[in-house]
Amino acid sequence: MDLGVVVYIFRNSVMQVMILAWPVLGVGMGVGLIVSIIQATTSLQEQTLSFVPKILAIFVILIFLGPWMMSSLSEFTSNMFNMIPQVARTR
């Protein structure tokens with residue numbers, strides 16, 4: 001297998017992970033920041049209070065973006081499987 005093919009596969013894999021993870025991580029971070037600001041202004045220092053809104057927000061974003069994430073991941077997987085003959089020919 002050529003080094004260029006390995007770099008191409010690795011680069012595409014990392015990009016796919018980043019594209020699929022950023023909505024979930026961004027929403028979790030945004031909700032956590034908002035809850036932290038509210039906790040700081042109201043002097044509520046309960047540590048478990050921030051988990052419930054984050055879990056609910058992540059659950060909602062997965063419901064709305066789940067089909068897109070699944071189709072993107074299945075398209076990426078089928079592209080990787082279609083590359084197997086090309087990779088086998090480079091040996």
# chains A, B, ... in the order shown; residues from 1 in each chain; ligands from 1

$ residues_around --residues "stretch 6-9 of chain A" --least-positions-apart "2" --cutoff "12 Å" --atoms "only C-alpha atoms" --output "list in words"
Met1, Asp2, Leu3, Gly4, Arg11, Asn12, Ser13, Val14, Met15, Gln16, Phe76, Thr77, Asn79, Met80, Phe81, Met83, Ile84, Gln86, Val87 and Thr90 of chain A

$ atom_distance --atom1 "atom CA of A:Ile55" --atom2 "atom CA of A:Ser36"
14.7 Å

$ residues_around --residues "A:Trp22" --least-positions-apart "6" --cutoff "12 Å" --atoms "only C-alpha atoms" --output "number ranges by chain"
A: 15-16, 28-30, 58, 61-62, 65, 69

$ write_last_selection --atoms "all heavy atoms" --output "PDB file, in the first residue's frame"
ATOM      1  N   MET A  15     -11.169  13.691   9.365  1.00  0.00           N
ATOM      2  CA  MET A  15     -12.130  14.729   8.985  1.00  0.00           C
ATOM      3  C   MET A  15     -13.563  14.265   9.211  1.00  0.00           C
ATOM      4  O   MET A  15     -14.411  15.042   9.664  1.00  0.00           O
ATOM      5  CB  MET A  15     -11.926  15.136   7.518  1.00  0.00           C
ATOM      6  CG  MET A  15     -10.695  15.961   7.277  1.00  0.00           C
ATOM      7  SD  MET A  15     -10.702  17.519   8.186  1.00  0.00           S
ATOM      8  CE  MET A  15     -12.059  18.353   7.409  1.00  0.00           C
ATOM      9  N   GLN A  16     -13.846  13.016   8.909  1.00  0.00           N
ATOM     10  CA  GLN A  16     -15.192  12.487   9.113  1.00  0.00           C
ATOM     11  C   GLN A  16     -15.557  12.492  10.593  1.00  0.00           C
ATOM     12  O   GLN A  16     -16.663  12.872  10.964  1.00  0.00           O
ATOM     13  CB  GLN A  16     -15.291  11.068   8.538  1.00  0.00           C
ATOM     14  CG  GLN A  16     -16.674  10.494   8.559  1.00  0.00           C
ATOM     15  CD  GLN A  16     -17.598  11.149   7.559  1.00  0.00           C
ATOM     16  OE1 GLN A  16     -17.170  11.716   6.564  1.00  0.00           O
ATOM     17  NE2 GLN A  16     -18.874  11.090   7.827  1.00  0.00           N
ATOM     18  N   GLY A  28     -23.031  20.575  23.534  1.00  0.00           N
ATOM     19  CA  GLY A  28     -22.704  20.260  24.925  1.00  0.00           C
ATOM     20  C   GLY A  28     -21.881  21.348  25.580  1.00  0.00           C
ATOM     21  O   GLY A  28     -22.120  21.723  26.735  1.00  0.00           O
ATOM     22  N   MET A  29     -20.924  21.882  24.842  1.00  0.00           N
ATOM     23  CA  MET A  29     -20.087  22.947  25.389  1.00  0.00           C
ATOM     24  C   MET A  29     -20.890  24.230  25.580  1.00  0.00           C
ATOM     25  O   MET A  29     -20.754  24.911  26.601  1.00  0.00           O
ATOM     26  CB  MET A  29     -18.910  23.215  24.454  1.00  0.00           C
ATOM     27  CG  MET A  29     -17.911  24.196  25.015  1.00  0.00           C
ATOM     28  SD  MET A  29     -16.490  24.435  23.945  1.00  0.00           S
ATOM     29  CE  MET A  29     -17.245  25.185  22.522  1.00  0.00           C
ATOM     30  N   GLY A  30     -21.742  24.562  24.616  1.00  0.00           N
ATOM     31  CA  GLY A  30     -22.549  25.773  24.736  1.00  0.00           C
ATOM     32  C   GLY A  30     -23.528  25.715  25.894  1.00  0.00           C
ATOM     33  O   GLY A  30     -23.646  26.669  26.672  1.00  0.00           O
ATOM     34  N   ILE A  58     -27.913  17.321  24.158  1.00  0.00           N
ATOM     35  CA  ILE A  58     -27.221  16.376  23.279  1.00  0.00           C
ATOM     36  C   ILE A  58     -28.201  15.359  22.709  1.00  0.00           C
ATOM     37  O   ILE A  58     -28.128  15.004  21.531  1.00  0.00           O
ATOM     38  CB  ILE A  58     -26.059  15.699  24.031  1.00  0.00           C
ATOM     39  CG1 ILE A  58     -24.936  16.716  24.249  1.00  0.00           C
ATOM     40  CG2 ILE A  58     -25.541  14.480  23.283  1.00  0.00           C
ATOM     41  CD1 ILE A  58     -23.822  16.225  25.138  1.00  0.00           C
ATOM     42  N   ILE A  61     -30.123  17.141  19.924  1.00  0.00           N
ATOM     43  CA  ILE A  61     -29.314  17.338  18.712  1.00  0.00           C
ATOM     44  C   ILE A  61     -29.087  16.006  17.995  1.00  0.00           C
ATOM     45  O   ILE A  61     -29.039  15.962  16.765  1.00  0.00           O
ATOM     46  CB  ILE A  61     -27.994  18.074  19.031  1.00  0.00           C
ATOM     47  CG1 ILE A  61     -27.403  18.698  17.768  1.00  0.00           C
ATOM     48  CG2 ILE A  61     -26.959  17.164  19.596  1.00  0.00           C
ATOM     49  CD1 ILE A  61     -28.059  19.914  17.320  1.00  0.00           C
ATOM     50  N   LEU A  62     -28.978  14.922  18.741  1.00  0.00           N
ATOM     51  CA  LEU A  62     -28.839  13.606  18.100  1.00  0.00           C
ATOM     52  C   LEU A  62     -30.122  13.182  17.401  1.00  0.00           C
ATOM     53  O   LEU A  62     -30.077  12.519  16.355  1.00  0.00           O
ATOM     54  CB  LEU A  62     -28.410  12.560  19.123  1.00  0.00           C
ATOM     55  CG  LEU A  62     -26.950  12.605  19.547  1.00  0.00           C
ATOM     56  CD1 LEU A  62     -26.689  11.584  20.643  1.00  0.00           C
ATOM     57  CD2 LEU A  62     -26.031  12.374  18.364  1.00  0.00           C
ATOM     58  N   LEU A  65     -30.092  15.579  14.171  1.00  0.00           N
ATOM     59  CA  LEU A  65     -28.993  15.373  13.230  1.00  0.00           C
ATOM     60  C   LEU A  65     -28.607  13.905  13.055  1.00  0.00           C
ATOM     61  O   LEU A  65     -27.704  13.607  12.279  1.00  0.00           O
ATOM     62  CB  LEU A  65     -27.758  16.167  13.686  1.00  0.00           C
ATOM     63  CG  LEU A  65     -27.890  17.681  13.628  1.00  0.00           C
ATOM     64  CD1 LEU A  65     -26.600  18.338  14.071  1.00  0.00           C
ATOM     65  CD2 LEU A  65     -28.285  18.156  12.255  1.00  0.00           C
ATOM     66  N   MET A  69     -26.112  12.270  10.267  1.00  0.00           N
ATOM     67  CA  MET A  69     -24.877  11.635  10.732  1.00  0.00           C
ATOM     68  C   MET A  69     -24.790  10.199  10.225  1.00  0.00           C
ATOM     69  O   MET A  69     -23.725   9.756   9.780  1.00  0.00           O
ATOM     70  CB  MET A  69     -24.799  11.673  12.257  1.00  0.00           C
ATOM     71  CG  MET A  69     -24.671  13.056  12.832  1.00  0.00           C
ATOM     72  SD  MET A  69     -24.896  13.031  14.601  1.00  0.00           S
ATOM     73  CE  MET A  69     -23.265  13.511  15.100  1.00  0.00           C
TER      74      MET A  69
END
